[in-house]
Structures are given as C-alpha cells and as structure tokens.
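What follows is entry.txt (compact mmCIF, C-alpha atoms and all ligand atoms).
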```txt
# COMPACT_ATOMS: atom_id res chain seq x y z
CA MET R 1 -17.74 17.97 11.09
CA ASP R 2 -13.98 17.79 10.66
CA THR R 3 -11.92 16.75 13.66
CA ALA R 4 -8.49 18.34 13.40
CA PRO R 5 -5.74 15.74 13.63
CA THR R 6 -2.83 16.52 15.90
CA ILE R 7 0.29 17.10 13.81
CA LYS R 8 3.74 16.38 15.21
CA ILE R 9 6.72 17.43 13.13
CA ALA R 10 10.06 15.70 13.53
CA PRO R 11 13.18 17.71 12.68
CA ASN R 12 15.17 14.76 11.37
CA ASN R 13 15.00 11.08 10.56
CA SER R 14 15.99 9.65 13.92
CA ALA R 15 13.71 12.08 15.76
CA PHE R 16 10.87 10.91 13.49
CA HIS R 17 11.24 7.29 14.52
CA ILE R 18 11.74 8.05 18.23
CA LEU R 19 8.67 10.33 18.18
CA ALA R 20 6.65 7.64 16.42
CA ALA R 21 7.70 5.04 18.98
CA ASP R 22 6.87 7.36 21.91
CA ILE R 23 3.43 8.16 20.52
CA PHE R 24 2.76 4.51 19.70
CA MET R 25 3.80 3.39 23.20
CA GLY R 26 1.62 6.12 24.70
CA ALA R 27 -1.35 4.78 22.76
CA ILE R 28 -0.55 1.19 23.76
CA ASN R 29 -0.37 2.20 27.43
CA ARG R 30 -3.70 4.03 27.23
CA VAL R 31 -5.45 1.02 25.73
CA ALA R 32 -3.69 -1.32 28.19
CA ALA R 33 -5.32 0.55 31.06
CA GLN R 34 -8.45 -1.42 30.23
CA ASP R 35 -8.61 -5.20 30.35
CA GLY R 36 -8.50 -7.30 27.20
CA PRO R 37 -6.44 -7.55 24.05
CA ILE R 38 -4.78 -4.53 22.45
CA ARG R 39 -5.76 -4.80 18.78
CA VAL R 40 -3.20 -3.08 16.60
CA VAL R 41 -3.08 -2.52 12.85
CA LEU R 42 0.45 -2.07 11.48
CA PRO R 43 1.44 -1.05 7.95
CA THR R 44 4.12 -2.24 5.59
CA GLY R 45 6.04 0.28 3.49
CA SER R 46 9.34 2.04 4.01
CA THR R 47 8.06 4.72 6.40
CA PRO R 48 7.34 2.53 9.46
CA LEU R 49 10.61 0.59 9.34
CA GLY R 50 12.40 3.03 11.66
CA LEU R 51 9.52 2.85 14.12
CA TYR R 52 9.79 -0.94 14.13
CA ARG R 53 13.56 -0.79 14.70
CA GLU R 54 13.00 1.66 17.55
CA LEU R 55 10.36 -0.54 19.19
CA ILE R 56 12.65 -3.56 18.98
CA ALA R 57 15.70 -1.66 20.25
CA ASN R 58 14.12 0.21 23.13
CA HIS R 59 10.72 -1.22 24.02
CA VAL R 60 11.05 -4.97 23.47
CA HIS R 61 11.23 -5.55 27.24
CA ARG R 62 7.58 -4.48 27.70
CA ARG R 63 6.31 -8.07 27.72
CA ASP R 64 3.40 -6.92 29.88
CA LEU R 65 2.17 -5.04 26.78
CA TRP R 66 3.36 -7.21 23.88
CA ASP R 67 1.75 -10.30 25.42
CA ARG R 68 -1.59 -8.49 25.08
CA VAL R 69 -1.06 -7.15 21.55
CA HIS R 70 -3.14 -8.73 18.79
CA TYR R 71 -1.98 -7.77 15.33
CA VAL R 72 -4.74 -7.22 12.77
CA ALA R 73 -3.67 -7.13 9.11
CA LEU R 74 -4.42 -3.92 7.24
CA ASP R 75 -3.99 -5.36 3.76
CA ASP R 76 -2.15 -8.06 1.85
CA TYR R 77 -1.62 -9.40 -1.64
CA ALA R 78 -4.13 -11.98 -2.86
CA GLY R 79 -3.44 -15.36 -4.44
CA LEU R 80 -0.02 -16.06 -2.92
CA PRO R 81 0.95 -19.19 -0.95
CA PRO R 82 1.44 -18.76 2.81
CA ASP R 83 5.25 -18.90 2.62
CA ASP R 84 5.62 -16.25 -0.12
CA ARG R 85 8.02 -13.65 1.21
CA ARG R 86 6.08 -10.85 -0.51
CA LEU R 87 3.07 -11.40 1.73
CA PHE R 88 2.74 -8.44 4.08
CA SER R 89 2.08 -10.90 6.92
CA ASN R 90 5.52 -12.40 6.28
CA TRP R 91 7.14 -8.96 5.82
CA LEU R 92 5.79 -7.84 9.19
CA ASP R 93 6.76 -11.16 10.74
CA ARG R 94 10.36 -10.48 9.72
CA ASP R 95 10.43 -6.81 10.72
CA ILE R 96 8.31 -6.52 13.85
CA LEU R 97 5.97 -9.35 14.85
CA GLY R 98 8.68 -12.02 15.07
CA PRO R 99 11.20 -9.80 16.91
CA LEU R 100 8.47 -8.81 19.39
CA SER R 101 7.46 -12.50 19.78
CA ILE R 102 3.81 -11.89 18.89
CA PRO R 103 2.50 -15.49 18.59
CA SER R 104 0.54 -16.62 15.55
CA SER R 105 -2.50 -17.04 17.81
CA HIS R 106 -2.36 -13.24 18.26
CA ARG R 107 -2.25 -12.46 14.55
CA THR R 108 -5.36 -11.92 12.46
CA ILE R 109 -4.10 -12.16 8.90
CA PHE R 110 -5.55 -12.67 5.46
CA ASN R 111 -5.46 -16.14 3.93
CA SER R 112 -4.02 -14.93 0.64
CA ALA R 113 -4.64 -18.30 -1.02
CA ALA R 114 -8.28 -18.54 0.11
CA PRO R 115 -10.31 -20.26 -2.63
CA ASP R 116 -13.30 -18.00 -2.03
CA PRO R 117 -12.22 -14.34 -1.63
CA SER R 118 -15.75 -13.21 -0.69
CA ALA R 119 -15.83 -15.70 2.18
CA GLU R 120 -12.35 -14.58 3.23
CA CYS R 121 -13.51 -10.94 3.36
CA ALA R 122 -16.60 -11.93 5.33
CA ARG R 123 -14.40 -13.86 7.79
CA MET R 124 -12.25 -10.76 8.40
CA ASP R 125 -15.27 -8.51 8.78
CA ALA R 126 -16.83 -10.90 11.29
CA LEU R 127 -13.61 -10.87 13.35
CA LEU R 128 -13.48 -7.07 13.23
CA ASP R 129 -17.12 -6.87 14.26
CA GLN R 130 -16.33 -8.96 17.35
CA GLY R 131 -13.60 -6.58 18.45
CA GLY R 132 -12.66 -3.42 16.61
CA ILE R 133 -9.26 -1.80 16.10
CA ASP R 134 -7.74 -0.12 19.13
CA ILE R 135 -4.72 1.45 17.44
CA ALA R 136 -4.29 1.88 13.69
CA VAL R 137 -0.81 2.78 12.51
CA LEU R 138 -1.10 3.84 8.88
CA GLY R 139 0.99 5.06 5.98
CA LEU R 140 -0.11 7.53 3.33
CA GLY R 141 0.07 6.50 -0.31
CA THR R 142 1.23 9.07 -2.83
CA ASN R 143 -2.24 8.69 -4.38
CA GLY R 144 -3.91 9.24 -1.00
CA HIS R 145 -4.69 5.61 -0.32
CA ILE R 146 -5.04 4.15 3.19
CA GLY R 147 -4.18 0.47 3.23
CA PHE R 148 -5.30 -0.52 -0.26
CA ASN R 149 -8.33 1.74 -0.10
CA GLU R 150 -7.50 3.35 -3.39
CA PRO R 151 -9.07 6.62 -4.62
CA GLY R 152 -12.82 6.16 -4.94
CA SER R 153 -13.10 3.88 -1.87
CA ALA R 154 -16.29 4.54 0.08
CA PHE R 155 -15.90 5.58 3.71
CA ASP R 156 -18.23 2.76 4.78
CA ALA R 157 -16.50 0.11 2.66
CA HIS R 158 -15.96 -3.33 4.18
CA THR R 159 -13.06 -5.74 3.71
CA ARG R 160 -12.70 -6.55 0.04
CA LEU R 161 -10.53 -7.69 -2.82
CA ILE R 162 -9.22 -4.81 -4.92
CA HIS R 163 -7.16 -4.27 -8.04
CA LEU R 164 -4.08 -2.24 -7.28
CA SER R 165 -3.96 1.16 -8.93
CA VAL R 166 -1.06 1.92 -11.27
CA ASP R 167 0.36 4.22 -8.55
CA SER R 168 0.33 1.37 -6.03
CA LEU R 169 1.78 -1.13 -8.50
CA GLU R 170 4.65 1.27 -9.18
CA ALA R 171 5.22 1.99 -5.49
CA ASN R 172 5.23 -1.74 -4.67
CA ALA R 173 7.51 -2.62 -7.58
CA ALA R 174 10.39 -1.05 -5.68
CA TYR R 175 10.20 -3.75 -3.00
CA TRP R 176 10.06 -6.81 -5.25
CA GLY R 177 12.39 -6.03 -8.13
CA GLY R 178 9.96 -4.67 -10.69
CA MET R 179 6.32 -4.52 -11.72
CA ASP R 180 6.33 -8.13 -12.96
CA HIS R 181 6.70 -9.32 -9.37
CA VAL R 182 3.83 -7.30 -7.90
CA PRO R 183 0.51 -9.14 -7.56
CA HIS R 184 -2.31 -7.14 -9.12
CA THR R 185 -4.96 -7.96 -6.56
CA ALA R 186 -4.98 -7.51 -2.82
CA TYR R 187 -7.20 -7.68 0.21
CA THR R 188 -7.75 -4.58 2.26
CA LEU R 189 -9.69 -3.71 5.36
CA GLY R 190 -12.33 -1.17 4.44
CA LEU R 191 -12.40 2.41 5.63
CA GLY R 192 -15.60 1.49 7.47
CA HIS R 193 -13.60 -0.52 10.02
CA ILE R 194 -10.44 1.57 9.93
CA MET R 195 -12.41 4.74 10.71
CA GLN R 196 -13.68 3.17 13.95
CA ALA R 197 -10.16 2.84 15.39
CA ARG R 198 -9.86 4.28 18.88
CA GLU R 199 -6.53 5.91 18.10
CA THR R 200 -4.76 6.40 14.78
CA ILE R 201 -1.17 7.29 13.99
CA LEU R 202 -0.35 8.32 10.41
CA LEU R 203 3.31 8.29 9.42
CA VAL R 204 4.38 10.57 6.57
CA GLN R 205 7.93 11.20 5.43
CA GLY R 206 9.57 12.82 2.44
CA THR R 207 9.06 15.54 -0.14
CA HIS R 208 7.30 13.03 -2.42
CA LYS R 209 4.46 12.99 0.16
CA ALA R 210 4.26 16.78 0.63
CA ASP R 211 1.55 17.43 -1.98
CA ILE R 212 -0.69 14.55 -0.94
CA LEU R 213 -0.34 15.46 2.76
CA GLN R 214 -1.32 19.05 1.98
CA ARG R 215 -4.32 17.79 0.00
CA MET R 216 -5.28 15.33 2.72
CA LEU R 217 -5.39 18.19 5.21
CA HIS R 218 -7.17 20.75 3.04
CA ASP R 219 -9.06 19.17 0.13
CA PRO R 220 -12.76 18.42 0.59
CA VAL R 221 -13.32 15.26 2.64
CA SER R 222 -14.21 12.74 -0.06
CA PRO R 223 -13.66 9.14 -1.19
CA ALA R 224 -11.77 10.69 -4.13
CA LEU R 225 -8.97 11.12 -1.61
CA PRO R 226 -9.39 8.29 0.90
CA ALA R 227 -6.92 9.75 3.43
CA THR R 228 -9.30 12.68 4.04
CA ALA R 229 -11.33 10.11 6.01
CA LEU R 230 -8.85 10.71 8.84
CA ARG R 231 -10.44 14.15 9.29
CA ARG R 232 -13.64 12.33 10.29
CA MET R 233 -11.86 10.10 12.83
CA ARG R 234 -11.18 10.54 16.53
CA ASN R 235 -7.75 10.72 18.17
CA VAL R 236 -5.65 11.01 15.01
CA THR R 237 -1.99 11.95 15.28
CA ILE R 238 -0.01 12.68 12.13
CA ILE R 239 3.73 12.33 12.50
CA ALA R 240 5.48 14.08 9.64
CA ASP R 241 8.98 15.18 8.86
CA ARG R 242 9.74 18.68 7.62
CA ALA R 243 10.00 17.50 4.02
CA ALA R 244 6.48 16.05 4.12
CA MET R 245 5.19 19.26 5.70
CA SER R 246 6.94 21.51 3.18
CA ALA R 247 3.78 22.10 1.13
CA ALA R 248 1.42 22.35 4.10
CA GLU R 249 -0.52 25.51 4.85
CA PRO R 250 -0.82 26.64 8.45
CA PHE R 251 -2.94 24.13 10.35
CA PRO R 252 -3.70 23.68 14.03
CA ARG R 253 -0.89 21.64 15.46
CA THR R 254 0.87 20.83 18.69
P1 LIG L 1 5.57 4.01 2.14
O1 LIG L 1 4.11 3.50 1.76
O2 LIG L 1 5.70 3.99 3.63
O3 LIG L 1 6.50 3.03 1.49
O4 LIG L 1 5.72 5.39 1.58
C1 LIG L 1 2.99 4.11 2.30
C2 LIG L 1 1.73 3.59 1.63
O5 LIG L 1 1.73 3.45 0.40
O6 LIG L 1 0.73 3.36 2.32
```
In structure tokens, how does this file's structure come out?
Amino acid sequence: MDTAPTIKIAPNNSAFHILAADIFMGAINRVAAQDGPIRVVLPTGSTPLGLYRELIANHVHRRDLWDRVHYVALDDYAGLPPDDRRLFSNWLDRDILGPLSIPSSHRTIFNSAAPDPSAECARMDALLDQGGIDIAVLGLGTNGHIGFNEPGSAFDAHTRLIHLSVDSLEANAAYWGGMDHVPHTAYTLGLGHIMQARETILLVQGTHKADILQRMLHDPVSPALPATALRRMRNVTIIADRAAMSAAEPFPRT
C-alpha cells in the first residue's frame, strides 16, 4: 500500500533552506527523545547546501544534539585515496560535518580504496544491521535515483558497488570540471536499508526536477524509478520549491 509522503512547498530559495532546517531539527529532536546515537544519512549535491549553511548558522549551538549524531554515508566514489577532495566523505566534512564538529569516531564512511569491494559492502551492511538509519536526508536524481541506486535497483538491494549511469556521470561532471574527472564506479547503500529509515526528508529544487518529481509521486511504484520507493516508506517529508512542483498533479499535502 502506498503511504502518502507529506509535501511542503517553499515559496523561495531562502524559505526552502529554513524549512528544511526546521524539519530536520524537528526530526533530530524526536529521535533524541530516546537514548542512544542519532544515526543520520546526509546527501551531497547542490540541493542540500543551503540546509547545511542554515544548520551551521542557526543551529550549531545544539551540542546536546550534535554530540549524539552519527553520520552514515549514503554513497561515495570507489577507488579514490582517502584524501581525494572528490570523495563525498571529504565534501561533507568541508560543508557540514567539520563545521558541526562531528568527530571521525561518529562517522561511518566508505573506504573508497578498499582492496576488496565485496568485503567493504559487507562491512557497511553489518554496521547498518547493528543500528539502522534514524533520519535519511536524500536528494532526487534527475533519473530518479536515490543515493546511487540507479534505475533498476531492487527495493531490497544491499550495499554494493555500482557503475554510474550516464545521467549521473553528467550530473557529477559539473562538480569536478568535466566527465574525465568523475569516477565511474561508486558505493551506495541499498534501498533495502534506506527504506527502513525512521524518518526521511527528500529535498527537491528546480524546474529540471519537476518531471521526475511528478513521476516519483504518480508513476507505478517500481525499481524502474527508484525514488518511488519513498511511497513505501514511513514518515517521509518532501520539501520542494514551486519550480520543482510545477509539473505536479494535485496530491495530498500539508
Ligand atoms: P542535486 O543532486 O542536489 O545536485 O540535484 C541530487 C542527486 O542527484 O541525488
């Protein structure tokens, strides 16, 4: 059965980031009501950058919460040395984890240079099986991917090494100065673990996401469009701007 996500629409760019920060902090506070770590998945990409700036500007003083946050990597390029600036773990270190002083002992990241990728995937899965994801913050790929769960990814997929689709290679080329600089393989958590998250926040901005957001909300739920998995998940909030919602049909929203 489909579970309707809650859709929040922000009227402008700054409202989008403030709304995202408010909803994220609400989720953090709910999880914090119970003892233990707060396991949070955070995405790279251009969409969450305003959220990260907002958290650093206005919520950095919440040490009571940040000291309990454990970052869990969603995905990362494979085969790069630990100090490569393209690694998503290093990107997020620069943009959010470092500024929030999340210690390395509270970061579960991929070892991109692992000699045995299968063992590396099994290591991540074992860690996720010990303690699942509390809050997943996600972006939406223009091809409907979630993390690097590209079209065709099974909903029960585990952590694995994937080959980036042409869409993802092109999207990533923008960050690293062209296609030649984008690794072709990456690790990704599988939808099987992501779908178990207690709360999920999907960030979607821009007219270039309008068609895929409309399809995510209304196409049949299927691995052909991995983001439709969110309609099978609990406690999903989609934060969209008006441009991203411009192709959407009426849908239950608050
Ligand atoms: P974006 O990436 O935030 O840069 O649009 C989203 C994604 O591809 O998951």
Open item on the list: For a quick check of understanding, using all atoms listed in the file, which of R:Gly192, R:Pro5, R:Pro115, R:Gly98 has the smallest distance to R:Tyr71?
Closed with: R:Gly98
Could you list, with a cut-off of 8 Å and counting only C-alpha atoms and all ligand atoms, the residues of chain R near ligand LIG 1 (chain L), each shown with its nearest atom pair and the distance in Å rounded to one decimal, rows sorted by chain and ascending number, as JSON lines?
```
{"residue": "R:Pro43", "atom": "CA", "partner": "L:LIG1", "partner_atom": "O6", "distance": 7.2}
{"residue": "R:Thr44", "atom": "CA", "partner": "L:LIG1", "partner_atom": "O2", "distance": 6.7}
{"residue": "R:Gly45", "atom": "CA", "partner": "L:LIG1", "partner_atom": "O3", "distance": 3.4}
{"residue": "R:Ser46", "atom": "CA", "partner": "L:LIG1", "partner_atom": "O3", "distance": 3.9}
{"residue": "R:Thr47", "atom": "CA", "partner": "L:LIG1", "partner_atom": "O2", "distance": 3.7}
{"residue": "R:Pro48", "atom": "CA", "partner": "L:LIG1", "partner_atom": "O2", "distance": 6.2}
{"residue": "R:Leu138", "atom": "CA", "partner": "L:LIG1", "partner_atom": "O6", "distance": 6.8}
{"residue": "R:Gly139", "atom": "CA", "partner": "L:LIG1", "partner_atom": "O6", "distance": 4.0}
{"residue": "R:Leu140", "atom": "CA", "partner": "L:LIG1", "partner_atom": "O6", "distance": 4.4}
{"residue": "R:Gly141", "atom": "CA", "partner": "L:LIG1", "partner_atom": "O5", "distance": 3.5}
{"residue": "R:Thr142", "atom": "CA", "partner": "L:LIG1", "partner_atom": "O5", "distance": 6.5}
{"residue": "R:His145", "atom": "CA", "partner": "L:LIG1", "partner_atom": "O6", "distance": 6.4}
{"residue": "R:Ile146", "atom": "CA", "partner": "L:LIG1", "partner_atom": "O6", "distance": 5.9}
{"residue": "R:Gly147", "atom": "CA", "partner": "L:LIG1", "partner_atom": "O6", "distance": 5.8}
{"residue": "R:Phe148", "atom": "CA", "partner": "L:LIG1", "partner_atom": "O6", "distance": 7.6}
{"residue": "R:Ser168", "atom": "CA", "partner": "L:LIG1", "partner_atom": "O5", "distance": 6.9}
{"residue": "R:Ala171", "atom": "CA", "partner": "L:LIG1", "partner_atom": "O5", "distance": 7.0}
{"residue": "R:Asn172", "atom": "CA", "partner": "L:LIG1", "partner_atom": "O3", "distance": 7.9}
{"residue": "R:Leu203", "atom": "CA", "partner": "L:LIG1", "partner_atom": "O2", "distance": 7.6}
{"residue": "R:Val204", "atom": "CA", "partner": "L:LIG1", "partner_atom": "O4", "distance": 7.3}
{"residue": "R:Gln205", "atom": "CA", "partner": "L:LIG1", "partner_atom": "O4", "distance": 7.3}
{"residue": "R:Lys209", "atom": "CA", "partner": "L:LIG1", "partner_atom": "O4", "distance": 7.8}
```
Counting all atoms listed in the file, which residues of stretch 145-231 of chain R sit at most 6 Å from some atom of stretch 118-133 of chain R, and what is each one's closest atom pair with its distance in Å to one decimal, listed by chain and rising residue number, as a Markdown table?
```
| residue | atom | partner | partner_atom | distance |
| --- | --- | --- | --- | --- |
| R:Thr159 | CA | R:Cys121 | CA | 5.2 |
| R:Arg160 | CA | R:Cys121 | CA | 5.6 |
| R:Ala197 | CA | R:Ile133 | CA | 4.8 |
```
TODO: Would you work out the distance separating atom CA of R:Ala224 from atom CA of R:Phe155, expressed in Å to one decimal?
DONE: 10.2 Å
Mind running stretch 94-209 of chain R against stretch 217-221 of chain R at 12 Å and telling me each contacting residue's nearest atom pair with the distance in Å (one decimal), counting all atoms listed in the file, chain and number ascending, as a tab-separated table?
```
residue	atom	partner	partner_atom	distance
R:Gly144	CA	R:Leu217	CA	11.0
R:Gly152	CA	R:Val221	CA	11.9
R:Ala154	CA	R:Val221	CA	11.4
R:Phe155	CA	R:Val221	CA	10.1
```
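In this comparison, which uses all atoms listed in the file, the residue of R:Leu92, R:Ala113, R:Ala136, R:Ala78 approaching R:Pro183 most closely is R:Ala78.
Nearest to R:His70 of all the residues R:Ala33, R:Met216, R:Ile102, R:Leu169 is R:Ile102, based on only C-alpha atoms.
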